[in-house]
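What follows is data30.cif (mmCIF, C-alpha atoms).
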data_entry
loop_
_atom_site.group_PDB
_atom_site.id
_atom_site.type_symbol
_atom_site.label_atom_id
_atom_site.label_comp_id
_atom_site.auth_asym_id
_atom_site.auth_seq_id
_atom_site.Cartn_x
_atom_site.Cartn_y
_atom_site.Cartn_z
ATOM 1 C CA MET A 863 146.988 45.093 163.518
ATOM 2 C CA LYS A 864 148.682 48.528 163.322
ATOM 3 C CA ARG A 865 145.293 50.201 163.088
ATOM 4 C CA ILE A 866 143.951 48.312 166.117
ATOM 5 C CA THR A 867 147.051 49.223 168.126
ATOM 6 C CA ALA A 868 146.736 52.876 167.100
ATOM 7 C CA LEU A 869 143.042 52.895 167.960
ATOM 8 C CA LEU A 870 143.686 51.330 171.367
ATOM 9 C CA ALA A 871 146.429 53.892 172.032
ATOM 10 C CA ILE A 872 144.065 56.730 171.152
ATOM 11 C CA LEU A 873 141.306 55.273 173.316
ATOM 12 C CA PHE A 874 143.813 54.968 176.159
ATOM 13 C CA LEU A 875 144.870 58.600 175.697
ATOM 14 C CA PHE A 876 141.274 59.807 175.839
ATOM 15 C CA GLY A 877 140.552 57.570 178.827
ATOM 16 C CA VAL A 878 143.522 58.897 180.774
ATOM 17 C CA THR A 879 142.517 62.472 179.989
ATOM 18 C CA ALA A 880 138.927 61.872 181.061
ATOM 19 C CA TRP A 881 140.125 60.165 184.243
ATOM 20 C CA GLY A 882 142.447 63.075 184.988
ATOM 21 C CA ALA A 883 139.654 65.563 184.543
ATOM 22 C CA GLN A 884 137.517 63.710 187.072
ATOM 23 C CA GLU A 885 139.987 62.313 189.588
ATOM 24 C CA GLY A 886 142.468 65.036 190.524
ATOM 25 C CA ALA A 887 144.284 64.929 193.838
ATOM 26 C CA LEU A 888 147.034 66.899 195.518
ATOM 27 C CA GLY A 889 149.982 66.619 193.197
ATOM 28 C CA GLN A 890 147.914 64.868 190.514
ATOM 29 C CA GLY A 891 147.199 67.302 187.736
ATOM 30 C CA GLY A 892 147.613 71.028 187.883
ATOM 31 C CA PRO A 893 145.946 74.124 189.222
ATOM 32 C CA GLY A 894 142.963 74.923 187.062
ATOM 33 C CA GLY A 895 143.194 71.528 185.436
ATOM 34 C CA PRO A 896 142.857 68.102 186.869
ATOM 35 C CA GLY A 897 143.351 68.416 190.587
ATOM 36 C CA GLY A 898 143.435 72.196 190.727
ATOM 37 C CA PRO A 899 141.137 75.076 191.569
ATOM 38 C CA GLY A 900 139.220 76.363 188.593
ATOM 39 C CA GLY A 901 139.257 72.958 186.949
ATOM 40 C CA PRO A 902 137.120 69.874 187.224
ATOM 41 C CA GLY A 903 139.277 68.275 189.931
ATOM 42 C CA GLY A 904 139.358 71.314 192.227
ATOM 43 C CA ARG A 905 137.158 69.772 194.903
ATOM 44 C CA HIS A 906 139.654 66.910 195.240
ATOM 45 C CA LEU A 907 142.495 69.350 195.832
ATOM 46 C CA VAL A 908 140.458 71.188 198.458
ATOM 47 C CA LYS A 909 139.796 67.912 200.293
ATOM 48 C CA ALA A 910 143.466 66.925 200.066
ATOM 49 C CA LEU A 911 144.564 70.301 201.457
ATOM 50 C CA GLU A 912 142.047 70.028 204.289
ATOM 51 C CA ARG A 913 143.487 66.636 205.279
ATOM 52 C CA LEU A 914 146.939 68.242 205.754
ATOM 53 C CA ASP A 915 145.820 70.236 208.825
ATOM 54 C CA LEU A 916 147.286 73.471 207.470
ATOM 55 C CA SER A 917 147.796 76.486 209.705
ATOM 56 C CA SER A 918 145.931 79.695 208.878
ATOM 57 C CA GLU A 919 149.149 81.163 207.503
ATOM 58 C CA GLN A 920 149.746 78.128 205.271
ATOM 59 C CA LYS A 921 146.161 78.219 203.987
ATOM 60 C CA HIS A 922 146.505 81.886 203.113
ATOM 61 C CA ALA A 923 149.879 81.466 201.396
ATOM 62 C CA ILE A 924 148.701 78.451 199.375
ATOM 63 C CA ALA A 925 145.490 80.235 198.402
ATOM 64 C CA VAL A 926 147.547 83.175 197.137
ATOM 65 C CA ILE A 927 149.792 80.845 195.095
ATOM 66 C CA LEU A 928 146.769 79.136 193.544
ATOM 67 C CA LYS A 929 145.021 82.448 192.893
ATOM 68 C CA ASN A 930 148.117 83.888 191.219
ATOM 69 C CA ASN A 931 148.259 80.909 188.842
ATOM 70 C CA ARG A 932 144.549 80.323 188.310
ATOM 71 C CA GLU A 933 144.099 82.252 185.054
ATOM 72 C CA GLU A 934 147.169 80.697 183.429
ATOM 73 C CA ALA A 935 145.988 77.267 184.520
ATOM 74 C CA LYS A 936 142.522 77.824 183.055
ATOM 75 C CA LYS A 937 144.096 78.986 179.802
ATOM 76 C CA ASP A 938 146.447 75.994 179.669
ATOM 77 C CA PHE A 939 143.688 73.514 180.508
ATOM 78 C CA GLU A 940 141.441 75.022 177.819
ATOM 79 C CA ALA A 941 144.293 74.735 175.300
ATOM 80 C CA LEU A 942 144.693 71.054 176.209
ATOM 81 C CA LYS A 943 140.965 70.486 175.873
ATOM 82 C CA GLN A 944 140.903 72.176 172.455
ATOM 83 C CA ALA A 945 143.924 70.159 171.306
ATOM 84 C CA HIS A 946 142.190 66.921 172.343
ATOM 85 C CA GLU A 947 139.074 67.979 170.466
ATOM 86 C CA GLY A 948 141.189 68.594 167.367
ATOM 87 C CA LEU A 949 142.763 65.166 167.696
ATOM 88 C CA ARG A 950 139.360 63.564 168.176
ATOM 89 C CA GLU A 951 138.066 65.247 165.014
ATOM 90 C CA VAL A 952 140.993 63.911 163.000
ATOM 91 C CA THR A 953 140.642 60.392 164.349
ATOM 92 C CA ASP A 954 136.895 60.452 163.680
ATOM 93 C CA LYS A 955 137.259 61.726 160.111
ATOM 94 C CA THR A 956 140.498 60.041 159.011
ATOM 95 C CA PRO A 957 141.314 57.266 161.503
ATOM 96 C CA GLY A 958 143.718 55.443 159.180
ATOM 97 C CA ASN A 959 145.748 58.513 158.248
ATOM 98 C CA GLU A 960 148.837 58.224 160.460
ATOM 99 C CA ALA A 961 150.353 61.498 159.257
ATOM 100 C CA ALA A 962 147.165 63.411 160.101
ATOM 101 C CA VAL A 963 146.915 61.768 163.534
ATOM 102 C CA LYS A 964 150.567 62.560 164.294
ATOM 103 C CA ALA A 965 150.106 66.173 163.227
ATOM 104 C CA ALA A 966 146.933 66.503 165.307
ATOM 105 C CA TYR A 967 148.675 65.034 168.341
ATOM 106 C CA LYS A 968 151.464 67.635 168.423
ATOM 107 C CA PRO A 969 149.244 70.390 169.902
ATOM 108 C CA VAL A 970 148.131 67.915 172.588
ATOM 109 C CA ALA A 971 151.763 67.347 173.556
ATOM 110 C CA VAL A 972 152.549 71.074 173.621
ATOM 111 C CA ALA A 973 149.471 71.922 175.700
ATOM 112 C CA GLY A 974 150.126 69.018 178.066
ATOM 113 C CA GLU A 975 153.701 70.164 178.519
ATOM 114 C CA GLN A 976 152.573 73.702 179.414
ATOM 115 C CA LEU A 977 150.141 72.381 181.996
ATOM 116 C CA ALA A 978 152.787 70.039 183.437
ATOM 117 C CA LEU A 979 155.280 72.901 183.758
ATOM 118 C CA LEU A 980 152.753 75.071 185.553
ATOM 119 C CA HIS A 981 151.837 72.176 187.836
ATOM 120 C CA ALA A 982 155.501 71.604 188.700
ATOM 121 C CA LYS A 983 156.010 75.292 189.483
ATOM 122 C CA VAL A 984 152.937 75.513 191.717
ATOM 123 C CA LYS A 985 153.666 72.209 193.426
ATOM 124 C CA ALA A 986 157.192 73.370 194.284
ATOM 125 C CA GLN A 987 155.831 76.600 195.758
ATOM 126 C CA VAL A 988 153.218 74.767 197.822
ATOM 127 C CA ASP A 989 155.641 72.053 198.958
ATOM 128 C CA ALA A 990 157.986 74.760 200.230
ATOM 129 C CA LEU A 991 155.252 75.892 202.629
ATOM 130 C CA LEU A 992 154.538 72.452 204.083
ATOM 131 C CA THR A 993 156.201 70.918 207.098
ATOM 132 C CA PRO A 994 158.148 67.692 206.553
ATOM 133 C CA GLU A 995 155.240 65.799 208.136
ATOM 134 C CA GLN A 996 152.697 67.432 205.822
ATOM 135 C CA ARG A 997 154.854 66.706 202.756
ATOM 136 C CA ALA A 998 155.148 63.069 203.847
ATOM 137 C CA LYS A 999 151.380 62.836 204.331
ATOM 138 C CA ALA A 1000 150.724 64.414 200.930
ATOM 139 C CA GLN A 1001 153.219 62.040 199.298
ATOM 140 C CA LYS A 1002 151.561 59.045 200.968
ATOM 141 C CA GLU A 1003 148.154 60.166 199.666
ATOM 142 C CA ARG A 1004 149.581 60.636 196.153
ATOM 143 C CA GLU A 1005 150.979 57.096 196.254
ATOM 144 C CA GLU A 1006 147.646 55.690 197.455
ATOM 145 C CA PHE A 1007 145.846 57.614 194.721
ATOM 146 C CA LYS A 1008 148.256 56.319 192.082
ATOM 147 C CA GLY A 1009 147.669 52.781 193.321
ATOM 148 C CA LYS A 1010 143.904 53.179 193.005
ATOM 149 C CA MET A 1011 144.250 54.573 189.489
ATOM 150 C CA LYS A 1012 146.627 51.771 188.523
ATOM 151 C CA ASP A 1013 144.073 49.234 189.729
ATOM 152 C CA ARG A 1014 141.291 50.955 187.784
ATOM 153 C CA PHE A 1015 143.456 51.041 184.664
ATOM 154 C CA HIS A 1016 144.382 47.375 185.057
ATOM 155 C CA ASN A 1017 140.757 46.368 185.648
ATOM 156 C CA SER A 1018 139.557 48.270 182.587
ATOM 157 C CA HIS A 1019 142.210 46.548 180.484
ATOM 158 C CA GLU A 1020 141.157 43.159 181.806
ATOM 159 C CA ASP A 1021 137.594 43.941 180.738
ATOM 160 C CA LEU A 1022 138.765 44.955 177.272
ATOM 161 C CA ASP A 1023 140.999 41.892 176.924
ATOM 162 C CA LYS A 1024 138.100 39.650 177.943
ATOM 163 C CA TRP A 1025 135.782 41.313 175.432
ATOM 164 C CA ILE A 1026 138.369 40.945 172.657
ATOM 165 C CA ASP A 1027 138.983 37.295 173.543
ATOM 166 C CA ASP A 1028 135.261 36.539 173.773
ATOM 167 C CA ASN A 1029 134.470 38.175 170.462
ATOM 168 C CA SER A 1030 137.492 37.211 168.394
ATOM 169 C CA LYS A 1031 136.976 33.456 168.504
#

The structure given in the file should be rewritten as structure tokens.
Amino acid sequence: MKRITALLAILFLFGVTAWGAQEGALGQGGPGGPGGPGGPGGRHLVKALERLDLSSEQKHAIAVILKNNREEAKKDFEALKQAHEGLREVTDKTPGNEAAVKAAYKPVAVAGEQLALLHAKVKAQVDALLTPEQRAKAQKEREEFKGKMKDRFHNSHEDLDKWIDDNSK
């Protein structure tokens, strides 16, 4: 049972990472990573920014913030990707070795933390440029996005639970 739980947790981790790489949105992910320019979710951020009806001055200032953080974001996202690949290798080669899995997960946590810190810094800088109405609109979109992702996550778990139930009889 411990092995199944560990495997499901690892599958969840990889699923969340893959989702994040594909489904970024304003405030979801970081610049250069999920939801940011230079990363796979950049187009989502562009669309989210366009929906905020930014002034020319705001567009310029936000572009400068993103440009100034782009290289660090790319580096941090690449570090996270490499850490995940290392974890995947360990789980493929020695899936029952808890100590090896724990050790391989530590770089994932460190890289994720770096990306989260950069995201928080950039988000604070961008939020400072938005009007109260724009911040409220962005927050509403983030909440809607989180709701959609929660539904997707729940639906995927229902599918897995059904498969387990159907095949464990």

Check your understanding: So how many Å separate atom CA of A:Asp938 and atom CA of A:Leu977, to one decimal?
Key -> 5.7 Å

Review point. What is the distance, in Å and to one decimal place, between atom CA of A:Ala935 and atom CA of A:Ala910?
Key: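 Computing the Euclidean distance for atom CA of A:Ala935 and atom CA of A:Ala910 yields 18.8 Å.
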
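Distance check against A:Leu979 using all atoms listed in the file: of A:Gln944, A:Gln1001, A:Asn931, A:Thr953, the minimum falls on A:Asn931.
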
Review point. Which of these, A:Val970, A:Val963, A:Ile927, A:Leu914, has the shortest distance to A:Ala945 once you count only C-alpha atoms?
Key: A:Val970

Check your understanding: A:Ser917: which residues within 12 Å, counting only C-alpha atoms, same-chain residues fewer than 5 positions away excluded, as a list in words?
Key ->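 So the residues in contact are Leu911, Glu912, His922, Ala923, Ile924, Leu991, Leu992, Thr993 and Gln996 of chain A.
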
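Atom pair atom CA of A:Leu928 / atom CA of A:Glu947 has a distance of 26.8 Å (rounded to one decimal).
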
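Neighbours of A:Gly974 closer than or equal to 9 Å, with all atoms listed in the file counted and sequence neighbours fewer than 6 positions away skipped, come out as Asp938, Phe939, Ala941 and Leu942 of chain A.
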
Export of prior selection with C-alpha atoms as a short mmCIF file (atom, residue, chain, number, x, y, z; two decimals), in the frame of the given file:
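Output below, filename out_13.cif:
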data_model
loop_
_atom_site.label_atom_id
_atom_site.label_comp_id
_atom_site.auth_asym_id
_atom_site.auth_seq_id
_atom_site.Cartn_x
_atom_site.Cartn_y
_atom_site.Cartn_z
CA ASP A 938 146.45 75.99 179.67
CA PHE A 939 143.69 73.51 180.51
CA ALA A 941 144.29 74.74 175.30
CA LEU A 942 144.69 71.05 176.21
#

**Study point:** A:Asp1027, A:Arg1004, A:Pro957, A:Glu995 ranked by distance to A:Leu907, top pick (using all atoms listed in the file)
**Key:** A:Arg1004

Exercise for review: Name the residues, using the chain letters and numbers of the file, that sit within 8 Å of (142.4, 64.0, 169.9) when counting all atoms listed in the file, and give them as a list in words.
Suggested key: Ile872, Phe876, Ala945, His946, Glu947, Gly948, Leu949, Arg950, Glu951, Val952, Thr953, Ala966, Tyr967 and Val970 of chain A

Could the residues in this selection be saved with C-alpha atoms as an mmCIF file, keeping the file's coordinate frame?
data_model
loop_
_atom_site.group_PDB
_atom_site.id
_atom_site.type_symbol
_atom_site.label_atom_id
_atom_site.label_comp_id
_atom_site.auth_asym_id
_atom_site.auth_seq_id
_atom_site.Cartn_x
_atom_site.Cartn_y
_atom_site.Cartn_z
ATOM 1 C CA ILE A 872 144.065 56.730 171.152
ATOM 2 C CA PHE A 876 141.274 59.807 175.839
ATOM 3 C CA ALA A 945 143.924 70.159 171.306
ATOM 4 C CA HIS A 946 142.190 66.921 172.343
ATOM 5 C CA GLU A 947 139.074 67.979 170.466
ATOM 6 C CA GLY A 948 141.189 68.594 167.367
ATOM 7 C CA LEU A 949 142.763 65.166 167.696
ATOM 8 C CA ARG A 950 139.360 63.564 168.176
ATOM 9 C CA GLU A 951 138.066 65.247 165.014
ATOM 10 C CA VAL A 952 140.993 63.911 163.000
ATOM 11 C CA THR A 953 140.642 60.392 164.349
ATOM 12 C CA ALA A 966 146.933 66.503 165.307
ATOM 13 C CA TYR A 967 148.675 65.034 168.341
ATOM 14 C CA VAL A 970 148.131 67.915 172.588
#

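Compared by their closest atoms to A:Lys937, and using all atoms listed in the file, the residues A:Ala925, A:Ala973, A:Val908, A:Leu916 rank with A:Ala973 nearest.
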
Practice item. Identify which of the residues A:His906, A:Asp954, A:Gln987, A:Lys1012 lies closest to A:Gln920, counting only C-alpha atoms when measuring atom-to-atom distances. Key: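 Distance minimum relative to A:Gln920 lands on A:Gln987.
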